[in-house]
Amino acid sequence: MGSKHQQLHIYFFPVMAYGHMIPMVDMATLFSGHGAKATIITTPLNAPLISKTIDMDTKLGSDISIRLIKFSSSEVGLPEGCENLTSVTSPEMVLKFYKAIDLLQEPFEHLLREDHPDCLVADLFFPWATEVAGKLGIPRLVFHGTGVFPLCVYHNLMCHKPFENIESDSEPFIVPGLPDTIKMTRQELPDHLREGTQNHITTLLEKVKKSVETSYGVLVNSFHELEPAYSEYYREIIGRKTWHIGPVSLCNRNNELKGKRGNKSSIDEQECLNWLDSKKPKSVLYVCFGSLANFSAAQLLEIARGLEASEQQFIWVVRKEKQEEEEWLPEGFEKRMEGKGLIIRGWAPQVLILEHEAVGGFVTHCGWNSLLEGVTAGVPMVTWPHFADQFSNEKFETDVLRVGVRVGAQGWSRWAEDNKASVKKEDIEKAVTQLMVGEEAGLMRNRAGALQDMARRAVEDGGSSYSDLNALLEELRSIRS
Ligand code: UDP
């Protein structure tokens, strides 16, 4: 398996957003751990976000490298340096960003011709990747950045359109055809579904659908036991070939690797662990909303008040730099919270924190990676979705896995101005208290603990994800030969 002439070469091409780049780097590590050579394709300003992890991996024996392609920010009217979705701050910029993504096709094809890898794992946002790889006889696998539950929900929303003929945006309807009764409301859906409009996004999504259907299959950062009914549904009913190979975050075997995923931590990792070491098991709440969710100052203020009122210990990650005047914090908040609450301004070593035994709950925006990292750490969650697949992920956590308490977020909020202060202090206090010390807290923790065990078993030798990965590699070897 390891000899160079037989070694498989896999290309990984994530869209430029943390929620896609981080798990793809983990996947590269995983494939490399199974004897393959991995190449990650990204743009110059995104490379430094992953190069530290890759350097560390390489020192540990992984065969991973990066190849760069130019991102045409200025050609599409984006500010110079805007190469990652975290720097996109308006709907107009989103459209420009997708245009720039389209312009990657030619330089990408050039690289593919040069290296001719055995397989391409490319993000769903590159719908042209199936055709480009197909021209060269290279199988293309799609990476959606989510599990299959949200894919099944979305598929059935599109097929049956149960949101039409509903009186109001807040009236619940059942998503038909699924293994469980999943209720949603129209305000939890993206604009293009809610309004039925045809625009640039719908055109892109149609292309994505076609490219998924004609691709070799779908690679999923999840494990079979987490969503068995949906794995089968996706394979059998929707008819996609899939490999569940997660949770991929578990490929980071030491604290240094866990602490260096994604951006540079805004806190010294050891200082953070020391703070947690001083706390009792399961006594700290971790509050973090991923890399894209935006909050208004008014909403942050409600969070601060809610956390204080809950009387729980917490680590709260806020994507803001320290400023002299912080209008989003109640007066004297940090002084009062000294020893009890820690604010990380910027980027937190999330997996390291979640895996610490002192952490007993997670307030999350329900991004798939965060959901899976919470599950993998055996931590129940307060769910606070904002946009994208996060509302369906919330249903998965609360109604299917039953390890989540809803905070009560009602509808899409993509930008800070959508998010004035829609979730009140009282809602936050109530959900947090229920999660940490409520009647159901013990039961939820037990369920989360059982999922944690399953997650870890899945990636061990002989586990479901381990076997799926081996089966895929075997298949790719046979295609090559
Ligand atoms: N993350 C992190 N520290 C932070 C914020 C995010 O390590 O302060 C990581 C998190 O562990 C996850 C990813 O960034 O792997 C975020 O992905 P997710 O799907 O949860 O949300 P998104 O950012 O795509 O909305």
# chains A, B, ... in the order shown; residues from 1 in each chain; ligands from 1
>>> residues_around(residues="A:Ser211", least_positions_apart="4", cutoff="12 Å", atoms="only C-alpha atoms", output="ChimeraX atom specification")
/A:122-134,140-143,204-207,215-218,240
>>> residues_near_ligand(ligand="ligand 1", cutoff="9 Å", atoms="only C-alpha atoms and all ligand atoms", output="PyMOL selection string")
chain A and resi 17-23+86+145-146+249+258-266+288-293+317-319+344-352+364-373+386-388+390
>>> residues_around(residues="A:Thr398", least_positions_apart="3", cutoff="12 Å", atoms="only C-alpha atoms", output="VMD selection string")
chain A and resid 182 to 183 366 371 380 to 385 391 to 395 401 to 408 435 444 447 to 448
>>> write_last_selection(atoms="C-alpha atoms", output="PDB file, in the first residue's frame")
ATOM      1  CA  ILE A 182     -39.325  16.726  10.886  1.00  0.00           C
ATOM      2  CA  LYS A 183     -41.163  20.024  11.146  1.00  0.00           C
ATOM      3  CA  CYS A 366     -25.428  24.327  14.442  1.00  0.00           C
ATOM      4  CA  LEU A 371     -22.452  19.785  15.649  1.00  0.00           C
ATOM      5  CA  PRO A 380     -25.093  18.340  24.682  1.00  0.00           C
ATOM      6  CA  MET A 381     -25.990  21.623  23.015  1.00  0.00           C
ATOM      7  CA  VAL A 382     -28.122  24.739  23.062  1.00  0.00           C
ATOM      8  CA  THR A 383     -29.095  25.250  19.428  1.00  0.00           C
ATOM      9  CA  TRP A 384     -29.073  28.722  17.882  1.00  0.00           C
ATOM     10  CA  PRO A 385     -29.177  28.409  14.098  1.00  0.00           C
ATOM     11  CA  PHE A 391     -32.028  25.049  10.913  1.00  0.00           C
ATOM     12  CA  SER A 392     -32.261  21.474   9.672  1.00  0.00           C
ATOM     13  CA  ASN A 393     -29.190  20.610  11.751  1.00  0.00           C
ATOM     14  CA  GLU A 394     -31.033  22.008  14.758  1.00  0.00           C
ATOM     15  CA  LYS A 395     -33.920  19.559  14.152  1.00  0.00           C
ATOM     16  CA  LEU A 401     -30.476  12.794  18.421  1.00  0.00           C
ATOM     17  CA  ARG A 402     -32.263  14.489  21.341  1.00  0.00           C
ATOM     18  CA  VAL A 403     -29.089  16.093  22.662  1.00  0.00           C
ATOM     19  CA  GLY A 404     -30.125  19.701  22.158  1.00  0.00           C
ATOM     20  CA  VAL A 405     -32.252  22.465  23.690  1.00  0.00           C
ATOM     21  CA  ARG A 406     -33.571  25.167  21.349  1.00  0.00           C
ATOM     22  CA  VAL A 407     -32.849  28.759  22.267  1.00  0.00           C
ATOM     23  CA  GLY A 408     -35.756  29.820  20.056  1.00  0.00           C
ATOM     24  CA  LEU A 435     -29.031  22.329  29.353  1.00  0.00           C
ATOM     25  CA  MET A 444     -29.145  14.416  27.419  1.00  0.00           C
ATOM     26  CA  ARG A 447     -27.290  10.259  25.101  1.00  0.00           C
ATOM     27  CA  ALA A 448     -24.410  12.531  24.123  1.00  0.00           C
TER      28      ALA A 448
END
>>> residues_around(residues="stretch 36-42 of chain A", least_positions_apart="2", cutoff="8 Å", atoms="only C-alpha atoms", output="list in words")
Gly2, Gln7, Leu8, His9, Ile10, Tyr11, Phe12, Phe13, Pro14, Met16, Val25, Ala28, Thr29, Phe31, Ser32, Gly33, His34, Pro44, Asn46, Ala47, Asp63, Ile64, Ser65, Ile66, Arg67, Leu68 and Ile69 of chain A
>>> select_by_dssp(residues="stretch 186-412 of chain A", states="strand (DSSP E or B)", output="PDB file with N, CA and C atoms, in the first residue's frame")
ATOM      1  N   GLY A 217     -19.449  10.112  -6.622  1.00  0.00           N
ATOM      2  CA  GLY A 217     -20.113   9.851  -5.347  1.00  0.00           C
ATOM      3  C   GLY A 217     -19.903  11.012  -4.386  1.00  0.00           C
ATOM      4  N   VAL A 218     -20.278  10.762  -3.135  1.00  0.00           N
ATOM      5  CA  VAL A 218     -20.285  11.829  -2.135  1.00  0.00           C
ATOM      6  C   VAL A 218     -19.479  11.374  -0.910  1.00  0.00           C
ATOM      7  N   LEU A 219     -18.574  12.235  -0.485  1.00  0.00           N
ATOM      8  CA  LEU A 219     -17.754  11.923   0.691  1.00  0.00           C
ATOM      9  C   LEU A 219     -18.311  12.710   1.877  1.00  0.00           C
ATOM     10  N   VAL A 220     -18.596  12.010   2.983  1.00  0.00           N
ATOM     11  CA  VAL A 220     -19.333  12.659   4.062  1.00  0.00           C
ATOM     12  C   VAL A 220     -18.539  12.657   5.362  1.00  0.00           C
ATOM     13  N   THR A 242     -22.244   6.886  -1.412  1.00  0.00           N
ATOM     14  CA  THR A 242     -21.622   7.708  -0.360  1.00  0.00           C
ATOM     15  C   THR A 242     -20.616   6.910   0.460  1.00  0.00           C
ATOM     16  N   TRP A 243     -19.673   7.641   0.992  1.00  0.00           N
ATOM     17  CA  TRP A 243     -18.742   7.060   1.958  1.00  0.00           C
ATOM     18  C   TRP A 243     -18.743   7.968   3.180  1.00  0.00           C
ATOM     19  N   HIS A 244     -19.069   7.409   4.324  1.00  0.00           N
ATOM     20  CA  HIS A 244     -19.009   8.162   5.586  1.00  0.00           C
ATOM     21  C   HIS A 244     -17.642   7.906   6.195  1.00  0.00           C
ATOM     22  N   VAL A 284     -18.647  23.730  32.759  1.00  0.00           N
ATOM     23  CA  VAL A 284     -18.423  24.934  31.945  1.00  0.00           C
ATOM     24  C   VAL A 284     -19.214  24.837  30.639  1.00  0.00           C
ATOM     25  N   LEU A 285     -19.804  25.964  30.270  1.00  0.00           N
ATOM     26  CA  LEU A 285     -20.539  26.060  29.014  1.00  0.00           C
ATOM     27  C   LEU A 285     -19.611  26.695  27.980  1.00  0.00           C
ATOM     28  N   TYR A 286     -19.552  26.121  26.780  1.00  0.00           N
ATOM     29  CA  TYR A 286     -18.738  26.703  25.707  1.00  0.00           C
ATOM     30  C   TYR A 286     -19.688  27.352  24.704  1.00  0.00           C
ATOM     31  N   VAL A 287     -19.470  28.627  24.408  1.00  0.00           N
ATOM     32  CA  VAL A 287     -20.373  29.384  23.534  1.00  0.00           C
ATOM     33  C   VAL A 287     -19.594  29.855  22.310  1.00  0.00           C
ATOM     34  N   CYS A 288     -19.953  29.330  21.146  1.00  0.00           N
ATOM     35  CA  CYS A 288     -19.225  29.730  19.932  1.00  0.00           C
ATOM     36  C   CYS A 288     -20.120  29.517  18.723  1.00  0.00           C
ATOM     37  N   GLN A 313     -20.743  28.818  34.586  1.00  0.00           N
ATOM     38  CA  GLN A 313     -19.399  29.209  34.146  1.00  0.00           C
ATOM     39  C   GLN A 313     -19.331  29.035  32.629  1.00  0.00           C
ATOM     40  N   PHE A 314     -18.552  29.877  31.959  1.00  0.00           N
ATOM     41  CA  PHE A 314     -18.568  29.796  30.493  1.00  0.00           C
ATOM     42  C   PHE A 314     -17.262  30.246  29.864  1.00  0.00           C
ATOM     43  N   ILE A 315     -17.054  29.752  28.638  1.00  0.00           N
ATOM     44  CA  ILE A 315     -16.075  30.338  27.710  1.00  0.00           C
ATOM     45  C   ILE A 315     -16.905  30.840  26.538  1.00  0.00           C
ATOM     46  N   TRP A 316     -16.782  32.114  26.216  1.00  0.00           N
ATOM     47  CA  TRP A 316     -17.604  32.705  25.166  1.00  0.00           C
ATOM     48  C   TRP A 316     -16.677  33.260  24.085  1.00  0.00           C
ATOM     49  N   VAL A 317     -16.846  32.768  22.867  1.00  0.00           N
ATOM     50  CA  VAL A 317     -16.010  33.231  21.750  1.00  0.00           C
ATOM     51  C   VAL A 317     -16.766  34.304  20.981  1.00  0.00           C
ATOM     52  N   VAL A 318     -16.155  35.482  20.884  1.00  0.00           N
ATOM     53  CA  VAL A 318     -16.777  36.605  20.169  1.00  0.00           C
ATOM     54  C   VAL A 318     -15.822  37.019  19.060  1.00  0.00           C
ATOM     55  N   GLY A 341     -16.175  33.400  34.023  1.00  0.00           N
ATOM     56  CA  GLY A 341     -16.410  33.433  32.576  1.00  0.00           C
ATOM     57  C   GLY A 341     -15.183  33.948  31.864  1.00  0.00           C
ATOM     58  N   LEU A 342     -14.881  33.326  30.727  1.00  0.00           N
ATOM     59  CA  LEU A 342     -13.718  33.722  29.946  1.00  0.00           C
ATOM     60  C   LEU A 342     -14.200  34.117  28.559  1.00  0.00           C
ATOM     61  N   ILE A 343     -13.857  35.340  28.126  1.00  0.00           N
ATOM     62  CA  ILE A 343     -14.220  35.743  26.760  1.00  0.00           C
ATOM     63  C   ILE A 343     -12.999  35.585  25.876  1.00  0.00           C
ATOM     64  N   ILE A 344     -13.157  34.864  24.767  1.00  0.00           N
ATOM     65  CA  ILE A 344     -12.070  34.788  23.780  1.00  0.00           C
ATOM     66  C   ILE A 344     -12.486  35.668  22.613  1.00  0.00           C
ATOM     67  N   ARG A 345     -11.720  36.724  22.360  1.00  0.00           N
ATOM     68  CA  ARG A 345     -12.040  37.623  21.237  1.00  0.00           C
ATOM     69  C   ARG A 345     -11.264  37.152  20.018  1.00  0.00           C
ATOM     70  N   VAL A 359     -15.918  20.775  30.296  1.00  0.00           N
ATOM     71  CA  VAL A 359     -16.992  21.327  29.461  1.00  0.00           C
ATOM     72  C   VAL A 359     -18.218  20.416  29.496  1.00  0.00           C
ATOM     73  N   GLY A 360     -19.350  21.012  29.837  1.00  0.00           N
ATOM     74  CA  GLY A 360     -20.576  20.221  29.992  1.00  0.00           C
ATOM     75  C   GLY A 360     -21.691  20.652  29.066  1.00  0.00           C
ATOM     76  N   GLY A 361     -21.463  21.687  28.255  1.00  0.00           N
ATOM     77  CA  GLY A 361     -22.517  22.148  27.344  1.00  0.00           C
ATOM     78  C   GLY A 361     -21.927  23.067  26.296  1.00  0.00           C
ATOM     79  N   PHE A 362     -22.630  23.193  25.176  1.00  0.00           N
ATOM     80  CA  PHE A 362     -22.109  23.948  24.034  1.00  0.00           C
ATOM     81  C   PHE A 362     -23.270  24.748  23.446  1.00  0.00           C
ATOM     82  N   VAL A 363     -23.147  26.078  23.425  1.00  0.00           N
ATOM     83  CA  VAL A 363     -24.136  26.892  22.707  1.00  0.00           C
ATOM     84  C   VAL A 363     -23.602  27.052  21.293  1.00  0.00           C
ATOM     85  N   THR A 364     -24.335  26.512  20.304  1.00  0.00           N
ATOM     86  CA  THR A 364     -23.801  26.458  18.942  1.00  0.00           C
ATOM     87  C   THR A 364     -24.785  26.998  17.915  1.00  0.00           C
ATOM     88  N   MET A 381     -26.088  20.276  23.599  1.00  0.00           N
ATOM     89  CA  MET A 381     -25.990  21.623  23.015  1.00  0.00           C
ATOM     90  C   MET A 381     -27.250  22.469  23.163  1.00  0.00           C
ATOM     91  N   VAL A 382     -27.038  23.781  23.277  1.00  0.00           N
ATOM     92  CA  VAL A 382     -28.122  24.739  23.062  1.00  0.00           C
ATOM     93  C   VAL A 382     -28.031  25.130  21.596  1.00  0.00           C
ATOM     94  N   THR A 383     -29.147  25.021  20.875  1.00  0.00           N
ATOM     95  CA  THR A 383     -29.095  25.250  19.428  1.00  0.00           C
ATOM     96  C   THR A 383     -29.587  26.649  19.082  1.00  0.00           C
ATOM     97  N   GLY A 404     -30.158  18.245  22.275  1.00  0.00           N
ATOM     98  CA  GLY A 404     -30.125  19.701  22.158  1.00  0.00           C
ATOM     99  C   GLY A 404     -31.357  20.369  22.733  1.00  0.00           C
ATOM    100  N   VAL A 405     -31.152  21.618  23.203  1.00  0.00           N
ATOM    101  CA  VAL A 405     -32.252  22.465  23.690  1.00  0.00           C
ATOM    102  C   VAL A 405     -32.295  23.689  22.787  1.00  0.00           C
ATOM    103  N   ARG A 406     -33.459  24.000  22.250  1.00  0.00           N
ATOM    104  CA  ARG A 406     -33.571  25.167  21.349  1.00  0.00           C
ATOM    105  C   ARG A 406     -33.543  26.459  22.128  1.00  0.00           C
TER     106      ARG A 406
END
>>> closest_residue(among="A:Gln410, A:Ser222, A:Thr203, A:Gln299", to="A:Leu189", atoms="only C-alpha atoms")
A:Gln410
>>> atom_distance(atom1="atom CA of A:Asp427", atom2="atom CA of A:Asp277")
29.4 Å
>>> select_by_dssp(residues="stretch 105-160 of chain A", states="alpha helix (DSSP H)", output="PyMOL selection string")
chain A and resi 105-115+129-135+148-160
>>> residues_around(residues="A:Leu276", least_positions_apart="3", cutoff="10 Å", atoms="only C-alpha atoms", output="PyMOL selection string")
chain A and resi 270-273+279-281+283-284+314-315+342+353+356-359
>>> write_last_selection(atoms="all heavy atoms", output="compact mmCIF listing (two decimals), in the first residue's frame")
# COMPACT_ATOMS: atom_id res chain seq x y z
N GLN A 270 -2.45 26.68 26.12
CA GLN A 270 -2.19 26.13 27.45
C GLN A 270 -2.91 26.94 28.54
O GLN A 270 -3.46 26.38 29.48
CB GLN A 270 -0.66 26.09 27.71
CG GLN A 270 -0.26 25.20 28.86
CD GLN A 270 -0.87 23.79 28.79
OE1 GLN A 270 -0.79 23.12 27.77
NE2 GLN A 270 -1.55 23.36 29.88
N GLU A 271 -2.95 28.26 28.32
CA GLU A 271 -3.64 29.12 29.29
C GLU A 271 -5.13 28.74 29.36
O GLU A 271 -5.73 28.66 30.44
CB GLU A 271 -3.50 30.58 28.82
CG GLU A 271 -4.06 31.61 29.75
CD GLU A 271 -4.09 33.00 29.07
OE1 GLU A 271 -3.21 33.29 28.23
OE2 GLU A 271 -5.02 33.76 29.39
N CYS A 272 -5.67 28.45 28.19
CA CYS A 272 -7.07 28.06 28.11
C CYS A 272 -7.30 26.72 28.83
O CYS A 272 -8.25 26.56 29.61
CB CYS A 272 -7.43 27.95 26.63
SG CYS A 272 -9.12 27.65 26.30
N LEU A 273 -6.39 25.77 28.59
CA LEU A 273 -6.53 24.47 29.24
C LEU A 273 -6.35 24.59 30.76
O LEU A 273 -7.05 23.94 31.54
CB LEU A 273 -5.51 23.47 28.67
CG LEU A 273 -5.74 23.04 27.22
CD1 LEU A 273 -4.66 22.09 26.74
CD2 LEU A 273 -7.12 22.41 27.03
N LYS A 279 -11.59 23.88 36.80
CA LYS A 279 -13.05 23.76 36.95
C LYS A 279 -13.46 22.30 37.15
O LYS A 279 -12.77 21.38 36.73
CB LYS A 279 -13.76 24.29 35.69
CG LYS A 279 -13.34 25.68 35.28
CD LYS A 279 -13.77 26.70 36.31
CE LYS A 279 -13.25 28.08 35.97
NZ LYS A 279 -13.25 28.99 37.10
N LYS A 280 -14.63 22.15 37.77
CA LYS A 280 -15.15 20.79 38.00
C LYS A 280 -15.62 20.18 36.67
O LYS A 280 -16.02 20.91 35.76
CB LYS A 280 -16.36 20.85 38.94
CG LYS A 280 -16.02 21.25 40.34
CD LYS A 280 -17.12 20.72 41.27
CE LYS A 280 -16.79 21.07 42.69
NZ LYS A 280 -17.52 22.23 43.18
N PRO A 281 -15.64 18.83 36.58
CA PRO A 281 -16.13 18.19 35.35
C PRO A 281 -17.54 18.65 35.00
O PRO A 281 -18.38 18.83 35.89
CB PRO A 281 -16.13 16.69 35.69
CG PRO A 281 -15.14 16.55 36.80
CD PRO A 281 -15.16 17.84 37.56
N SER A 283 -18.84 21.39 34.17
CA SER A 283 -19.40 22.58 34.81
C SER A 283 -19.30 23.84 33.94
O SER A 283 -19.79 24.89 34.32
CB SER A 283 -18.66 22.84 36.13
OG SER A 283 -17.32 23.20 35.86
N VAL A 284 -18.65 23.73 32.76
CA VAL A 284 -18.42 24.93 31.95
C VAL A 284 -19.21 24.84 30.64
O VAL A 284 -19.27 23.78 30.00
CB VAL A 284 -16.91 25.10 31.62
CG1 VAL A 284 -16.67 26.28 30.69
CG2 VAL A 284 -16.10 25.26 32.90
N PHE A 314 -18.55 29.88 31.96
CA PHE A 314 -18.57 29.80 30.49
C PHE A 314 -17.26 30.25 29.86
O PHE A 314 -16.48 31.00 30.46
CB PHE A 314 -19.72 30.66 29.94
CG PHE A 314 -19.58 32.13 30.28
CD1 PHE A 314 -18.81 32.98 29.48
CD2 PHE A 314 -20.21 32.67 31.42
CE1 PHE A 314 -18.68 34.32 29.80
CE2 PHE A 314 -20.07 34.01 31.74
CZ PHE A 314 -19.30 34.85 30.94
N ILE A 315 -17.05 29.75 28.64
CA ILE A 315 -16.08 30.34 27.71
C ILE A 315 -16.91 30.84 26.54
O ILE A 315 -17.67 30.08 25.94
CB ILE A 315 -15.06 29.30 27.20
CG1 ILE A 315 -14.14 28.84 28.33
CG2 ILE A 315 -14.22 29.88 26.06
CD1 ILE A 315 -13.05 27.85 27.92
N LEU A 342 -14.88 33.33 30.73
CA LEU A 342 -13.72 33.72 29.95
C LEU A 342 -14.20 34.12 28.56
O LEU A 342 -14.90 33.34 27.91
CB LEU A 342 -12.78 32.51 29.85
CG LEU A 342 -11.46 32.65 29.12
CD1 LEU A 342 -10.56 33.64 29.83
CD2 LEU A 342 -10.77 31.28 29.05
N ILE A 353 -11.07 22.64 23.46
CA ILE A 353 -11.97 23.07 24.54
C ILE A 353 -13.10 22.05 24.72
O ILE A 353 -13.36 21.59 25.84
CB ILE A 353 -12.55 24.47 24.23
CG1 ILE A 353 -11.44 25.51 24.25
CG2 ILE A 353 -13.67 24.84 25.21
CD1 ILE A 353 -11.86 26.92 23.85
N HIS A 356 -12.31 18.93 26.63
CA HIS A 356 -11.89 19.02 28.03
C HIS A 356 -13.01 18.55 28.94
O HIS A 356 -14.18 18.89 28.72
CB HIS A 356 -11.50 20.46 28.38
CG HIS A 356 -10.71 20.54 29.64
ND1 HIS A 356 -11.29 20.40 30.88
CD2 HIS A 356 -9.38 20.74 29.86
CE1 HIS A 356 -10.35 20.51 31.81
NE2 HIS A 356 -9.18 20.71 31.21
N GLU A 357 -12.66 17.79 29.98
CA GLU A 357 -13.72 17.20 30.81
C GLU A 357 -14.54 18.25 31.57
O GLU A 357 -15.66 17.97 32.02
CB GLU A 357 -13.13 16.17 31.80
CG GLU A 357 -12.11 16.78 32.73
CD GLU A 357 -11.78 15.87 33.91
OE1 GLU A 357 -12.24 14.73 33.93
OE2 GLU A 357 -11.04 16.35 34.79
N ALA A 358 -14.00 19.48 31.70
CA ALA A 358 -14.75 20.51 32.42
C ALA A 358 -15.94 21.03 31.61
O ALA A 358 -16.84 21.66 32.16
CB ALA A 358 -13.82 21.67 32.77
N VAL A 359 -15.92 20.77 30.30
CA VAL A 359 -16.99 21.33 29.46
C VAL A 359 -18.22 20.42 29.50
O VAL A 359 -18.13 19.22 29.22
CB VAL A 359 -16.49 21.55 28.01
CG1 VAL A 359 -17.62 22.00 27.10
CG2 VAL A 359 -15.38 22.59 28.01
>>> decode(residues="stretch 116-130 of chain A", atoms="N, CA, C and O atoms", output="compact mmCIF listing (two decimals), in the first residue's frame")
# COMPACT_ATOMS: atom_id res chain seq x y z
N HIS A 116 -2.51 15.07 -12.75
CA HIS A 116 -3.36 13.92 -13.02
C HIS A 116 -3.53 12.99 -11.80
O HIS A 116 -3.08 11.84 -11.82
N PRO A 117 -4.17 13.50 -10.73
CA PRO A 117 -4.36 12.65 -9.55
C PRO A 117 -5.34 11.50 -9.83
O PRO A 117 -5.99 11.50 -10.87
N ASP A 118 -5.42 10.56 -8.88
CA ASP A 118 -6.32 9.41 -9.07
C ASP A 118 -7.76 9.74 -8.70
O ASP A 118 -8.68 9.01 -9.06
N CYS A 119 -7.94 10.80 -7.92
CA CYS A 119 -9.31 11.14 -7.50
C CYS A 119 -9.33 12.62 -7.10
O CYS A 119 -8.33 13.15 -6.60
N LEU A 120 -10.46 13.25 -7.36
CA LEU A 120 -10.64 14.64 -6.95
C LEU A 120 -11.78 14.73 -5.96
O LEU A 120 -12.91 14.32 -6.26
N VAL A 121 -11.47 15.24 -4.76
CA VAL A 121 -12.53 15.54 -3.79
C VAL A 121 -12.74 17.04 -3.85
O VAL A 121 -11.87 17.81 -3.43
N ALA A 122 -13.86 17.46 -4.44
CA ALA A 122 -14.07 18.90 -4.62
C ALA A 122 -15.38 19.34 -3.99
O ALA A 122 -16.36 18.60 -3.98
N ASP A 123 -15.35 20.54 -3.49
CA ASP A 123 -16.50 21.13 -2.81
C ASP A 123 -17.71 21.25 -3.74
O ASP A 123 -17.55 21.43 -4.95
N LEU A 124 -18.90 21.21 -3.16
CA LEU A 124 -20.11 21.33 -3.99
C LEU A 124 -20.16 22.65 -4.73
O LEU A 124 -20.76 22.75 -5.80
N PHE A 125 -19.51 23.70 -4.18
CA PHE A 125 -19.57 25.02 -4.82
C PHE A 125 -18.73 25.12 -6.10
O PHE A 125 -18.66 26.18 -6.70
N PHE A 126 -18.08 24.02 -6.48
CA PHE A 126 -17.38 23.98 -7.76
C PHE A 126 -18.11 23.00 -8.68
O PHE A 126 -17.60 21.90 -8.94
N PRO A 127 -19.29 23.37 -9.17
CA PRO A 127 -20.07 22.39 -9.94
C PRO A 127 -19.37 21.94 -11.22
O PRO A 127 -19.61 20.83 -11.68
N TRP A 128 -18.49 22.79 -11.77
CA TRP A 128 -17.78 22.43 -12.99
C TRP A 128 -16.71 21.36 -12.75
O TRP A 128 -16.15 20.79 -13.69
N ALA A 129 -16.44 21.03 -11.48
CA ALA A 129 -15.35 20.09 -11.18
C ALA A 129 -15.63 18.69 -11.73
O ALA A 129 -14.70 18.00 -12.16
N THR A 130 -16.91 18.28 -11.75
CA THR A 130 -17.21 16.93 -12.24
C THR A 130 -16.81 16.81 -13.70
O THR A 130 -16.16 15.84 -14.12
